[in-house]
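Novice: mmCIF, C-alpha atoms and all ligand atoms, file target-v8.cif:
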```cif
data_query
#
loop_
_atom_site.group_PDB
_atom_site.id
_atom_site.type_symbol
_atom_site.label_atom_id
_atom_site.label_comp_id
_atom_site.auth_asym_id
_atom_site.auth_seq_id
_atom_site.Cartn_x
_atom_site.Cartn_y
_atom_site.Cartn_z
ATOM 1 C CA MET A 1 14.376 1.780 -3.541
ATOM 2 C CA PRO A 2 11.714 3.430 -1.396
ATOM 3 C CA THR A 3 9.290 0.643 -0.583
ATOM 4 C CA PHE A 4 5.994 1.206 1.233
ATOM 5 C CA SER A 5 3.601 -1.411 2.585
ATOM 6 C CA ILE A 6 0.006 -0.223 2.745
ATOM 7 C CA VAL A 7 -1.521 -2.009 5.737
ATOM 8 C CA SER A 8 -4.543 -2.284 7.998
ATOM 9 C CA MET A 9 -6.102 -5.085 9.962
ATOM 10 C CA LYS A 10 -9.505 -4.515 8.439
ATOM 11 C CA GLY A 11 -10.804 -5.028 4.939
ATOM 12 C CA GLY A 12 -12.636 -2.298 3.110
ATOM 13 C CA VAL A 13 -10.878 0.653 4.763
ATOM 14 C CA GLY A 14 -9.061 1.701 1.601
ATOM 15 C CA LYS A 15 -5.635 0.034 1.415
ATOM 16 C CA THR A 16 -6.068 -0.701 -2.263
ATOM 17 C CA SER A 17 -7.519 2.739 -2.964
ATOM 18 C CA VAL A 18 -4.567 4.445 -1.250
ATOM 19 C CA THR A 19 -2.133 2.177 -3.119
ATOM 20 C CA LEU A 20 -3.789 3.061 -6.433
ATOM 21 C CA GLY A 21 -4.004 6.771 -5.524
ATOM 22 C CA LEU A 22 -0.275 6.907 -4.800
ATOM 23 C CA ALA A 23 0.497 4.901 -7.949
ATOM 24 C CA SER A 24 -1.633 7.417 -9.837
ATOM 25 C CA ALA A 25 0.340 10.327 -8.321
ATOM 26 C CA ALA A 26 3.571 8.645 -9.468
ATOM 27 C CA TRP A 27 2.060 8.052 -12.927
ATOM 28 C CA ALA A 28 0.981 11.694 -13.243
ATOM 29 C CA ARG A 29 4.560 12.805 -12.548
ATOM 30 C CA GLY A 30 6.076 10.358 -14.957
ATOM 31 C CA HIS A 31 7.770 8.495 -12.103
ATOM 32 C CA ARG A 32 8.521 4.808 -12.341
ATOM 33 C CA VAL A 33 6.397 2.825 -9.908
ATOM 34 C CA LEU A 34 6.037 -0.869 -9.112
ATOM 35 C CA VAL A 35 2.856 -2.043 -7.400
ATOM 36 C CA ILE A 36 3.052 -5.419 -5.678
ATOM 37 C CA ASP A 37 -0.420 -6.826 -5.111
ATOM 38 C CA LEU A 38 -0.186 -9.108 -2.074
ATOM 39 C CA ASP A 39 -3.942 -9.489 -1.587
ATOM 40 C CA PRO A 40 -5.459 -12.710 -3.012
ATOM 41 C CA GLN A 41 -8.539 -10.641 -3.904
ATOM 42 C CA ALA A 42 -6.355 -8.984 -6.569
ATOM 43 C CA ASN A 43 -8.182 -5.638 -6.431
ATOM 44 C CA ALA A 44 -5.044 -3.601 -7.135
ATOM 45 C CA THR A 45 -4.277 -5.845 -10.109
ATOM 46 C CA MET A 46 -7.765 -5.100 -11.447
ATOM 47 C CA GLY A 47 -7.508 -1.378 -10.719
ATOM 48 C CA LEU A 48 -4.266 -1.324 -12.698
ATOM 49 C CA ASN A 49 -6.078 -3.082 -15.498
ATOM 50 C CA VAL A 50 -3.737 -6.062 -15.648
ATOM 51 C CA GLU A 51 -5.595 -8.972 -17.205
ATOM 52 C CA LYS A 52 -4.459 -12.570 -17.333
ATOM 53 C CA PRO A 53 -0.942 -12.076 -15.996
ATOM 54 C CA LEU A 54 1.503 -14.728 -17.155
ATOM 55 C CA PHE A 55 3.057 -15.018 -13.706
ATOM 56 C CA THR A 56 1.854 -13.667 -10.370
ATOM 57 C CA ILE A 57 3.337 -12.899 -6.992
ATOM 58 C CA ASN A 58 2.002 -16.315 -5.970
ATOM 59 C CA ASP A 59 4.451 -17.946 -8.408
ATOM 60 C CA VAL A 60 7.188 -15.659 -7.113
ATOM 61 C CA LEU A 61 6.624 -16.597 -3.460
ATOM 62 C CA ALA A 62 6.268 -20.286 -4.258
ATOM 63 C CA ASP A 63 9.639 -20.204 -5.992
ATOM 64 C CA ALA A 64 11.342 -17.576 -3.798
ATOM 65 C CA ARG A 65 14.720 -17.812 -5.501
ATOM 66 C CA PRO A 66 16.678 -14.602 -4.929
ATOM 67 C CA GLY A 67 15.780 -12.109 -7.631
ATOM 68 C CA ILE A 68 13.017 -14.185 -9.228
ATOM 69 C CA ALA A 69 10.389 -11.384 -8.975
ATOM 70 C CA VAL A 70 11.795 -9.522 -11.964
ATOM 71 C CA GLU A 71 10.574 -12.320 -14.218
ATOM 72 C CA ALA A 72 6.954 -11.849 -13.134
ATOM 73 C CA VAL A 73 6.722 -8.077 -13.651
ATOM 74 C CA GLU A 74 3.747 -7.048 -15.808
ATOM 75 C CA HIS A 75 3.113 -3.688 -17.431
ATOM 76 C CA SER A 76 -0.059 -1.789 -16.555
ATOM 77 C CA PRO A 77 -2.049 -0.254 -19.423
ATOM 78 C CA TRP A 78 -1.920 2.971 -17.329
ATOM 79 C CA GLY A 79 1.452 3.737 -18.873
ATOM 80 C CA LYS A 80 4.848 2.278 -19.611
ATOM 81 C CA LYS A 81 6.352 3.360 -16.277
ATOM 82 C CA VAL A 82 3.699 1.590 -14.176
ATOM 83 C CA HIS A 83 4.654 -2.003 -13.414
ATOM 84 C CA VAL A 84 2.795 -4.644 -11.444
ATOM 85 C CA LEU A 85 3.464 -7.900 -9.658
ATOM 86 C CA ALA A 86 -0.061 -9.224 -9.980
ATOM 87 C CA ALA A 87 -2.097 -11.212 -7.465
ATOM 88 C CA GLU A 88 -4.351 -14.203 -7.917
ATOM 89 C CA ARG A 89 -6.736 -16.186 -5.729
ATOM 90 C CA ALA A 90 -4.209 -18.977 -5.082
ATOM 91 C CA LEU A 91 -2.036 -16.455 -3.216
ATOM 92 C CA GLU A 92 -4.229 -17.356 -0.231
ATOM 93 C CA HIS A 93 -2.079 -20.474 0.190
ATOM 94 C CA ARG A 94 0.980 -18.324 0.951
ATOM 95 C CA ASN A 95 -0.605 -16.753 4.017
ATOM 96 C CA THR A 96 0.800 -19.387 6.352
ATOM 97 C CA VAL A 97 4.299 -19.910 7.663
ATOM 98 C CA GLU A 98 6.373 -22.249 5.488
ATOM 99 C CA GLY A 99 9.746 -22.946 6.984
ATOM 100 C CA ARG A 100 12.098 -20.774 8.979
ATOM 101 C CA HIS A 101 12.625 -17.889 6.574
ATOM 102 C CA SER A 102 9.083 -17.849 5.286
ATOM 103 C CA SER A 103 8.529 -14.134 5.961
ATOM 104 C CA LEU A 104 11.656 -13.182 4.002
ATOM 105 C CA ARG A 105 10.617 -14.791 0.740
ATOM 106 C CA LEU A 106 9.330 -11.586 -0.821
ATOM 107 C CA ARG A 107 12.433 -9.615 0.188
ATOM 108 C CA ALA A 108 14.708 -12.248 -1.310
ATOM 109 C CA SER A 109 12.711 -12.453 -4.509
ATOM 110 C CA LEU A 110 12.908 -8.676 -5.036
ATOM 111 C CA ALA A 111 16.708 -8.666 -4.863
ATOM 112 C CA SER A 112 17.385 -8.130 -8.550
ATOM 113 C CA LEU A 113 14.701 -5.557 -9.358
ATOM 114 C CA PRO A 114 15.971 -2.638 -11.427
ATOM 115 C CA ARG A 115 17.033 0.153 -9.060
ATOM 116 C CA SER A 116 15.299 2.649 -11.296
ATOM 117 C CA TYR A 117 11.877 2.540 -9.639
ATOM 118 C CA ASP A 118 11.068 5.789 -7.891
ATOM 119 C CA LEU A 119 8.661 3.981 -5.625
ATOM 120 C CA VAL A 120 7.508 0.464 -4.773
ATOM 121 C CA LEU A 121 4.042 0.066 -3.232
ATOM 122 C CA ILE A 122 2.880 -3.170 -1.617
ATOM 123 C CA ASP A 123 -0.890 -3.548 -1.245
ATOM 124 C CA CYS A 124 -1.491 -5.904 1.691
ATOM 125 C CA PRO A 125 -4.348 -8.254 2.552
ATOM 126 C CA PRO A 126 -6.512 -7.325 5.571
ATOM 127 C CA SER A 127 -4.721 -9.473 8.127
ATOM 128 C CA LEU A 128 -1.425 -9.800 9.885
ATOM 129 C CA GLY A 129 -0.685 -13.169 8.386
ATOM 130 C CA GLU A 130 2.408 -14.302 6.581
ATOM 131 C CA LEU A 131 1.720 -12.201 3.482
ATOM 132 C CA THR A 132 1.692 -8.953 5.460
ATOM 133 C CA ARG A 133 4.799 -10.065 7.359
ATOM 134 C CA ASN A 134 6.480 -10.655 3.998
ATOM 135 C CA ALA A 135 5.435 -7.170 2.889
ATOM 136 C CA LEU A 136 6.695 -5.446 6.031
ATOM 137 C CA SER A 137 9.943 -7.424 5.953
ATOM 138 C CA ALA A 138 10.569 -6.136 2.429
ATOM 139 C CA SER A 139 9.614 -2.492 3.110
ATOM 140 C CA ASP A 140 11.237 0.703 4.345
ATOM 141 C CA CYS A 141 7.956 2.052 5.645
ATOM 142 C CA ALA A 142 4.427 1.119 6.572
ATOM 143 C CA VAL A 143 1.495 3.338 5.643
ATOM 144 C CA ILE A 144 -1.448 2.534 7.894
ATOM 145 C CA VAL A 145 -4.906 3.167 6.469
ATOM 146 C CA THR A 146 -7.928 3.644 8.693
ATOM 147 C CA GLU A 147 -11.478 4.887 8.587
ATOM 148 C CA PRO A 148 -12.504 7.547 11.099
ATOM 149 C CA GLY A 149 -14.657 5.083 13.054
ATOM 150 C CA PHE A 150 -14.876 3.653 16.528
ATOM 151 C CA PHE A 151 -12.396 0.841 15.823
ATOM 152 C CA ALA A 152 -9.928 3.067 14.004
ATOM 153 C CA LEU A 153 -7.692 3.688 16.968
ATOM 154 C CA ARG A 154 -7.515 0.017 17.907
ATOM 155 C CA GLY A 155 -6.869 -0.947 14.281
ATOM 156 C CA ALA A 156 -4.064 1.579 13.987
ATOM 157 C CA GLU A 157 -2.615 0.348 17.290
ATOM 158 C CA GLN A 158 -2.599 -3.229 16.003
ATOM 159 C CA ALA A 159 -0.912 -2.221 12.772
ATOM 160 C CA ILE A 160 1.790 -0.336 14.650
ATOM 161 C CA GLU A 161 2.298 -3.298 16.973
ATOM 162 C CA ALA A 162 2.657 -5.526 13.909
ATOM 163 C CA ALA A 163 5.258 -3.164 12.494
ATOM 164 C CA ASP A 164 7.103 -3.266 15.829
ATOM 165 C CA VAL A 165 7.218 -7.059 15.714
ATOM 166 C CA ILE A 166 8.826 -6.916 12.278
ATOM 167 C CA ARG A 167 11.271 -4.232 13.458
ATOM 168 C CA SER A 168 12.428 -6.399 16.313
ATOM 169 C CA SER A 169 12.834 -9.451 14.095
ATOM 170 C CA THR A 170 13.415 -9.316 10.349
ATOM 171 C CA ASN A 171 13.586 -5.610 9.481
ATOM 172 C CA PRO A 172 14.937 -3.227 12.162
ATOM 173 C CA LEU A 173 15.003 -0.204 9.807
ATOM 174 C CA MET A 174 11.341 -0.360 8.770
ATOM 175 C CA ARG A 175 9.067 2.183 10.410
ATOM 176 C CA PRO A 176 5.535 3.559 10.226
ATOM 177 C CA ALA A 177 5.558 6.564 7.870
ATOM 178 C CA ALA A 178 1.966 7.725 8.209
ATOM 179 C CA ILE A 179 -1.527 6.921 9.387
ATOM 180 C CA VAL A 180 -3.921 7.888 6.591
ATOM 181 C CA VAL A 181 -7.591 8.496 7.362
ATOM 182 C CA ASN A 182 -9.807 7.475 4.435
ATOM 183 C CA LYS A 183 -13.528 7.766 3.660
ATOM 184 C CA ALA A 184 -13.912 10.829 5.822
ATOM 185 C CA ARG A 185 -17.079 12.882 6.026
ATOM 186 C CA PRO A 186 -15.922 16.012 7.799
ATOM 187 C CA SER A 187 -19.498 17.058 8.583
ATOM 188 C CA VAL A 188 -19.898 14.109 10.958
ATOM 189 C CA ALA A 189 -18.968 15.169 14.502
ATOM 190 C CA GLU A 190 -18.288 11.587 15.600
ATOM 191 C CA GLN A 191 -15.658 11.267 12.847
ATOM 192 C CA ARG A 192 -13.964 14.527 13.831
ATOM 193 C CA MET A 193 -13.732 13.169 17.357
ATOM 194 C CA ARG A 194 -12.124 9.913 16.162
ATOM 195 C CA ILE A 195 -9.567 11.820 14.103
ATOM 196 C CA GLU A 196 -8.759 13.943 17.164
ATOM 197 C CA GLU A 197 -8.298 10.742 19.196
ATOM 198 C CA LEU A 198 -5.892 9.412 16.601
ATOM 199 C CA ARG A 199 -3.928 12.676 16.676
ATOM 200 C CA GLU A 200 -3.773 12.622 20.488
ATOM 201 C CA SER A 201 -2.280 9.136 20.378
ATOM 202 C CA TYR A 202 -0.070 9.384 17.312
ATOM 203 C CA GLY A 203 0.583 13.098 16.812
ATOM 204 C CA SER A 204 2.179 14.016 13.510
ATOM 205 C CA LEU A 205 2.193 10.401 12.344
ATOM 206 C CA VAL A 206 -1.441 11.043 11.403
ATOM 207 C CA SER A 207 -1.244 12.497 7.908
ATOM 208 C CA ASP A 208 -2.707 15.946 7.267
ATOM 209 C CA GLN A 209 -4.102 14.494 4.066
ATOM 210 C CA ILE A 210 -7.542 13.218 5.018
ATOM 211 C CA ILE A 211 -9.188 11.424 2.102
ATOM 212 C CA PRO A 212 -12.889 12.226 1.763
ATOM 213 C CA GLU A 213 -15.559 9.736 0.790
ATOM 214 C CA ARG A 214 -16.141 10.230 -2.945
ATOM 215 C CA ASN A 215 -17.771 7.984 -5.547
ATOM 216 C CA ALA A 216 -15.075 8.985 -8.037
ATOM 217 C CA ILE A 217 -12.673 6.584 -6.268
ATOM 218 C CA GLN A 218 -14.893 3.591 -6.993
ATOM 219 C CA GLN A 219 -15.668 4.785 -10.498
ATOM 220 C CA ALA A 220 -12.016 5.218 -11.470
ATOM 221 C CA GLU A 221 -11.162 1.837 -9.934
ATOM 222 C CA ALA A 222 -13.965 0.090 -11.805
ATOM 223 C CA ALA A 223 -12.795 1.703 -15.041
ATOM 224 C CA GLY A 224 -9.190 0.655 -14.348
ATOM 225 C CA MET A 225 -8.065 4.279 -14.596
ATOM 226 C CA PRO A 226 -5.708 6.415 -12.516
ATOM 227 C CA ILE A 227 -7.649 8.916 -10.381
ATOM 228 C CA HIS A 228 -5.479 11.647 -11.925
ATOM 229 C CA ALA A 229 -7.115 10.856 -15.268
ATOM 230 C CA TRP A 230 -10.659 10.892 -13.856
ATOM 231 C CA ASP A 231 -12.180 14.029 -15.249
ATOM 232 C CA SER A 232 -14.580 15.324 -12.591
ATOM 233 C CA PRO A 233 -14.393 17.807 -9.710
ATOM 234 C CA ALA A 234 -14.095 14.923 -7.218
ATOM 235 C CA GLY A 235 -11.387 13.313 -9.358
ATOM 236 C CA THR A 236 -9.412 16.561 -9.339
ATOM 237 C CA GLU A 237 -9.909 16.978 -5.590
ATOM 238 C CA LEU A 238 -8.697 13.419 -4.890
ATOM 239 C CA ALA A 239 -5.752 13.762 -7.267
ATOM 240 C CA GLY A 240 -4.643 16.840 -5.311
ATOM 241 C CA ILE A 241 -4.884 14.959 -2.021
ATOM 242 C CA PHE A 242 -2.880 11.986 -3.308
ATOM 243 C CA ASP A 243 -0.269 14.394 -4.743
ATOM 244 C CA ALA A 244 0.111 15.959 -1.303
ATOM 245 C CA LEU A 245 0.299 12.533 0.354
ATOM 246 C CA TYR A 246 2.947 11.464 -2.180
ATOM 247 C CA ASP A 247 4.961 14.585 -1.319
ATOM 248 C CA GLU A 248 4.530 13.888 2.374
ATOM 249 C CA LEU A 249 5.790 10.307 2.059
ATOM 250 C CA THR A 250 8.721 10.710 -0.307
ATOM 251 C CA PRO A 251 10.855 13.074 1.814
ATOM 252 C CA ALA A 252 10.339 10.710 4.746
ATOM 253 C CA ILE A 253 12.170 8.124 2.704
ATOM 254 C CA ARG A 254 14.995 10.456 1.735
ATOM 255 C CA THR A 255 15.614 11.377 5.369
ATOM 256 C CA MET A 256 15.642 7.715 6.256
ATOM 257 C CA GLU A 257 18.120 6.846 3.531
ATOM 258 C CA LYS A 258 20.446 9.563 4.814
ATOM 259 C CA GLN A 259 20.316 8.065 8.306
ATOM 260 C CA ARG A 260 21.512 4.700 7.042
HETATM 261 N N1 LIG B 301 -12.464 7.639 -0.158
HETATM 262 C C1 LIG B 301 -13.349 6.780 -0.648
HETATM 263 N N2 LIG B 301 -14.573 7.189 -1.046
HETATM 264 C C2 LIG B 301 -15.471 6.317 -1.548
HETATM 265 N N3 LIG B 301 -15.248 5.005 -1.703
HETATM 266 C C3 LIG B 301 -14.049 4.531 -1.326
HETATM 267 C C4 LIG B 301 -13.033 5.375 -0.787
HETATM 268 N N4 LIG B 301 -11.946 4.629 -0.521
HETATM 269 C C5 LIG B 301 -12.274 3.364 -0.874
HETATM 270 N N5 LIG B 301 -13.519 3.298 -1.356
HETATM 271 C C6 LIG B 301 -14.239 2.099 -1.840
HETATM 272 O O1 LIG B 301 -14.447 1.234 -0.721
HETATM 273 C C7 LIG B 301 -14.228 -0.117 -1.098
HETATM 274 C C8 LIG B 301 -13.105 -0.696 -0.255
HETATM 275 O O2 LIG B 301 -11.909 0.017 -0.520
HETATM 276 P P1 LIG B 301 -10.517 -0.734 -0.758
HETATM 277 O O3 LIG B 301 -9.523 0.280 -1.149
HETATM 278 O O4 LIG B 301 -10.739 -1.887 -1.697
HETATM 279 O O5 LIG B 301 -10.244 -1.270 0.712
HETATM 280 P P2 LIG B 301 -9.223 -2.394 1.218
HETATM 281 O O6 LIG B 301 -8.165 -2.539 0.186
HETATM 282 O O7 LIG B 301 -8.696 -1.873 2.520
HETATM 283 O O8 LIG B 301 -10.035 -3.637 1.408
HETATM 284 C C9 LIG B 301 -13.924 -0.096 -2.589
HETATM 285 O O9 LIG B 301 -15.101 -0.349 -3.297
HETATM 286 C C10 LIG B 301 -13.427 1.319 -2.839
HETATM 287 O O10 LIG B 301 -13.698 1.739 -4.160
HETATM 288 MG MG MG B 302 -7.568 -4.226 -0.847
#
```
What do you get writing this file as structure tokens?
Specialist:
Amino acid sequence: MPTFSIVSMKGGVGKTSVTLGLASAAWARGHRVLVIDLDPQANATMGLNVEKPLFTINDVLADARPGIAVEAVEHSPWGKKVHVLAAERALEHRNTVEGRHSSLRLRASLASLPRSYDLVLIDCPPSLGELTRNALSASDCAVIVTEPGFFALRGAEQAIEAADVIRSSTNPLMRPAAIVVNKARPSVAEQRMRIEELRESYGSLVSDQIIPERNAIQQAEAAGMPIHAWDSPAGTELAGIFDALYDELTPAIRTMEKQR
């Protein structure tokens, strides 16, 4: 199953928003999507409108028996094909190494998930701790999110280095699929320069889909709604961008599966 980790070293750059935007693109197409919320802040869980989950990914990782994750899957009110492994505050305790195979707990727990998901998205916390290592060890691809600011290049570099560490240890087939620039204001010359810098360093890995800064993102998130259902010009604009990003990412996976 195509599994993407959405990563960055910084908080607030838009990991959760990109996760929810891609989940929304899957929802709009009637695809089956599973969102795994690996951030103790549980923003993706809230954006997907999952309240009081019976079990969370914290329970899953604490247990870590092969295939246990399937028992904690919740359904999002977005629609019957949108499933969630919810987060909770206590997930913080799983961000440290526990034993030798600590970073493989998530991968093991996912073993028995139904193969019918079109896409699995893992929303990561803003650090390279054990939770992110678990995410990358369980993924086919990493999607790196960045803002077009001064530290963007360094942040992207760190994320790619982190992915390389996982490749050389637990998950040799995982690779970066895209660097996504979020919260862009194309009128700002400084930002255009930073995006150029990123392109010089990472070429086509930098997605053509640049996500603009729009209040509609926050509004849809606060309402627990998919951006594709947010009825405003900005909502429509963002939905189009996430559709294009979804299209950009899914063939990458197909090519990769063929290479296996
Ligand atoms: N393109 C955007 N335009 C406007 N606000 C955004 C955009 N992307 C994210 N935000 C807002 O910025 C804040 C941080 O984004 P979030 O996705 O939670 O970042 P992260 O998951 O990396 O911490 C949230 O309030 C979110 O609604
Ligand atoms: Mg987040």
Novice: Hey, which residues sit close to ligand MG 302 (chain B)? Say within 10 Å, counting all atoms listed in the file, and write them as an MDAnalysis selection string.
Specialist: chainID A and resid 6:8 10:20 37:45 123:126
Novice: Given the choices A:Asn49, A:Ala90, A:Asp59, A:Gly21, which gets closest to ligand LIG 301 (chain B) if the distance is worked out from all atoms listed in the file?
Specialist: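 For ligand LIG 301 (chain B), the nearest of the given residues is A:Gly21.
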Novice: Do you know which residues lie at most 12 Å from (4.2, -20.3, 7.4), with coordinates as in the file and only C-alpha atoms counted, and could you write them as an NGL selection string?
Specialist: :A and (61-62 or 92-105 or 129-134)
Novice: I'd like the neighbourhood of Arg29 in chain A as a list of chain:residue names, where a residue qualifies if any of its atoms comes within 12 Å (using all atoms listed in the file), though same-chain residues fewer than 2 positions away should be ignored.
Specialist: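 Selected residues are A:Leu22, A:Ala23, A:Ser24, A:Ala25, A:Ala26, A:Trp27, A:His31, A:Arg32, A:Val33, A:Gly79, A:Lys81, A:Val82, A:Asp118, A:Leu119, A:His228, A:Ala239, A:Phe242, A:Asp243, A:Tyr246, A:Asp247.
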Novice: Rank A:Ser139, A:Thr56, A:Gln219, A:Thr170 by their smallest atom-to-atom distance to Val70 in chain A, using all atoms listed in the file, and report the top residue only.
Specialist: A:Thr56
Novice: CA of Gly203 in chain A to CA of Glu190 in chain A: how many Å, to one decimal?
Specialist: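 Separation of CA of Gly203 in chain A and CA of Glu190 in chain A: 19.0 Å.
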Novice: Mind pulling up the distance from CA of Ile241 in chain A to CA of Val50 in chain A?
Specialist: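 CA of Ile241 in chain A lies 25.1 Å from CA of Val50 in chain A.
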Novice: Between A:Gly155, A:Pro148, A:Gly30, A:Pro66, which residue has the minimum interatomic distance to Lys80 in chain A, considering only C-alpha atoms?
Specialist: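 Smallest separation from Lys80 in chain A among the options: A:Gly30.
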Novice: Counting all atoms listed in the file, figure out which residue out of A:Ala135, A:Met46, A:Ile211, A:Ala108 gets nearest to Ala69 in chain A.
Specialist: A:Ala108
Novice: Expressed in Å to a single decimal, how great is the separation between CA of Val180 in chain A and CA of Glu161 in chain A?
Specialist: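 Spanning CA of Val180 in chain A to CA of Glu161 in chain A is a straight-line distance of 16.5 Å.
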Novice: Quick one: of A:Val188, A:Leu136, A:Leu121, A:Gly47, who's nearest to Trp78 in chain A, counting all atoms listed in the file?
Specialist: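 Ranked by minimum distance to Trp78 in chain A, first place goes to A:Gly47.
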Novice: With all atoms listed in the file as the counted atoms, please give the residues lying no more than 9 Å from Arg214 in chain A, apart from itself and same-chain residues fewer than 3 positions off, as a ChimeraX atom specification.
Specialist: /A:183,211,217-218,234-235,238
Novice: Keeping only C-alpha atoms, take the residues you just selected and write them out as a CSV table (one decimal), keeping the file's coordinate frame.
Specialist:
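Output file part-v6.csv follows:
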```csv
chain,number,residue,atom,x,y,z
A,183,LYS,CA,-13.5,7.8,3.7
A,211,ILE,CA,-9.2,11.4,2.1
A,217,ILE,CA,-12.7,6.6,-6.3
A,218,GLN,CA,-14.9,3.6,-7.0
A,234,ALA,CA,-14.1,14.9,-7.2
A,235,GLY,CA,-11.4,13.3,-9.4
A,238,LEU,CA,-8.7,13.4,-4.9
```
Novice: For the PyMOL selection byres (((chain A and resi 175) around 7) and not hetatm), applied here, can you spell out every residue it catches as JSON, numbers by chain?
Specialist: {"A": [140, 141, 142, 163, 173, 174, 176, 177]}
Novice: Print the selection's residues with C-alpha atoms to a file, as a PDB file, keeping the file's coordinate frame.
Specialist:
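So out10.pdb came out as:
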```
ATOM      1  CA  ASP A 140      11.237   0.703   4.345  1.00  0.00           C
ATOM      2  CA  CYS A 141       7.956   2.052   5.645  1.00  0.00           C
ATOM      3  CA  ALA A 142       4.427   1.119   6.572  1.00  0.00           C
ATOM      4  CA  ALA A 163       5.258  -3.164  12.494  1.00  0.00           C
ATOM      5  CA  LEU A 173      15.003  -0.204   9.807  1.00  0.00           C
ATOM      6  CA  MET A 174      11.341  -0.360   8.770  1.00  0.00           C
ATOM      7  CA  PRO A 176       5.535   3.559  10.226  1.00  0.00           C
ATOM      8  CA  ALA A 177       5.558   6.564   7.870  1.00  0.00           C
TER       9      ALA A 177
END
```
Novice: When the PyMOL selection byres (((chain A and resi 150) around 10) and not hetatm) is applied to the file above, which residues end up in the set, as a list in words?
Specialist: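 Selected by the PyMOL selection byres (((chain A and resi 150) around 10) and not hetatm) here: Glu147, Pro148, Gly149, Phe151, Ala152, Leu153, Arg154, Gly155, Glu190, Gln191, Met193 and Arg194 of chain A.
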Novice: With 6 Å of padding per side, what axis-aligned box (centre and edge lengths, Å, one decimal) covers all the listed atoms of ligand LIG 301 (chain B)? Give it as JSON.
Specialist:
```
{"center_x": -11.8, "center_y": 2.0, "center_z": -0.8, "size_x": 19.3, "size_y": 23.3, "size_z": 18.7}
```
Novice: For range 51-66 of chain A, supply N, CA and C atoms and report the output as a PDB file, in the frame of the given file.
Specialist:
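Done, and the output landed in out32.pdb:
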```pdb
ATOM      1  N   GLU A  51      -4.751  -7.798 -16.973  1.00  0.00           N
ATOM      2  CA  GLU A  51      -5.595  -8.972 -17.205  1.00  0.00           C
ATOM      3  C   GLU A  51      -4.743 -10.175 -17.560  1.00  0.00           C
ATOM      4  N   LYS A  52      -5.135 -11.316 -17.049  1.00  0.00           N
ATOM      5  CA  LYS A  52      -4.459 -12.570 -17.333  1.00  0.00           C
ATOM      6  C   LYS A  52      -2.936 -12.481 -17.272  1.00  0.00           C
ATOM      7  N   PRO A  53      -2.403 -12.136 -16.107  1.00  0.00           N
ATOM      8  CA  PRO A  53      -0.942 -12.076 -15.996  1.00  0.00           C
ATOM      9  C   PRO A  53      -0.326 -13.462 -16.232  1.00  0.00           C
ATOM     10  N   LEU A  54       0.820 -13.469 -16.857  1.00  0.00           N
ATOM     11  CA  LEU A  54       1.503 -14.728 -17.155  1.00  0.00           C
ATOM     12  C   LEU A  54       1.988 -15.386 -15.858  1.00  0.00           C
ATOM     13  N   PHE A  55       2.629 -14.564 -15.029  1.00  0.00           N
ATOM     14  CA  PHE A  55       3.057 -15.018 -13.706  1.00  0.00           C
ATOM     15  C   PHE A  55       2.517 -14.042 -12.669  1.00  0.00           C
ATOM     16  N   THR A  56       2.337 -14.542 -11.442  1.00  0.00           N
ATOM     17  CA  THR A  56       1.854 -13.667 -10.370  1.00  0.00           C
ATOM     18  C   THR A  56       2.822 -13.726  -9.192  1.00  0.00           C
ATOM     19  N   ILE A  57       2.513 -12.917  -8.201  1.00  0.00           N
ATOM     20  CA  ILE A  57       3.337 -12.899  -6.992  1.00  0.00           C
ATOM     21  C   ILE A  57       3.213 -14.242  -6.255  1.00  0.00           C
ATOM     22  N   ASN A  58       2.144 -14.975  -6.527  1.00  0.00           N
ATOM     23  CA  ASN A  58       2.002 -16.315  -5.970  1.00  0.00           C
ATOM     24  C   ASN A  58       3.109 -17.233  -6.506  1.00  0.00           C
ATOM     25  N   ASP A  59       3.362 -17.161  -7.815  1.00  0.00           N
ATOM     26  CA  ASP A  59       4.451 -17.946  -8.408  1.00  0.00           C
ATOM     27  C   ASP A  59       5.790 -17.520  -7.807  1.00  0.00           C
ATOM     28  N   VAL A  60       5.929 -16.206  -7.635  1.00  0.00           N
ATOM     29  CA  VAL A  60       7.188 -15.659  -7.113  1.00  0.00           C
ATOM     30  C   VAL A  60       7.458 -16.208  -5.706  1.00  0.00           C
ATOM     31  N   LEU A  61       6.429 -16.159  -4.847  1.00  0.00           N
ATOM     32  CA  LEU A  61       6.624 -16.597  -3.460  1.00  0.00           C
ATOM     33  C   LEU A  61       6.780 -18.116  -3.364  1.00  0.00           C
ATOM     34  N   ALA A  62       6.139 -18.833  -4.262  1.00  0.00           N
ATOM     35  CA  ALA A  62       6.268 -20.286  -4.258  1.00  0.00           C
ATOM     36  C   ALA A  62       7.709 -20.673  -4.615  1.00  0.00           C
ATOM     37  N   ASP A  63       8.281 -19.930  -5.526  1.00  0.00           N
ATOM     38  CA  ASP A  63       9.639 -20.204  -5.992  1.00  0.00           C
ATOM     39  C   ASP A  63      10.667 -19.613  -5.010  1.00  0.00           C
ATOM     40  N   ALA A  64      10.547 -18.295  -4.797  1.00  0.00           N
ATOM     41  CA  ALA A  64      11.342 -17.576  -3.798  1.00  0.00           C
ATOM     42  C   ALA A  64      12.845 -17.566  -4.039  1.00  0.00           C
ATOM     43  N   ARG A  65      13.285 -17.959  -5.236  1.00  0.00           N
ATOM     44  CA  ARG A  65      14.720 -17.812  -5.501  1.00  0.00           C
ATOM     45  C   ARG A  65      15.092 -16.331  -5.473  1.00  0.00           C
ATOM     46  N   PRO A  66      16.279 -16.005  -4.966  1.00  0.00           N
ATOM     47  CA  PRO A  66      16.678 -14.602  -4.929  1.00  0.00           C
ATOM     48  C   PRO A  66      16.572 -13.973  -6.324  1.00  0.00           C
TER      49      PRO A  66
END
```
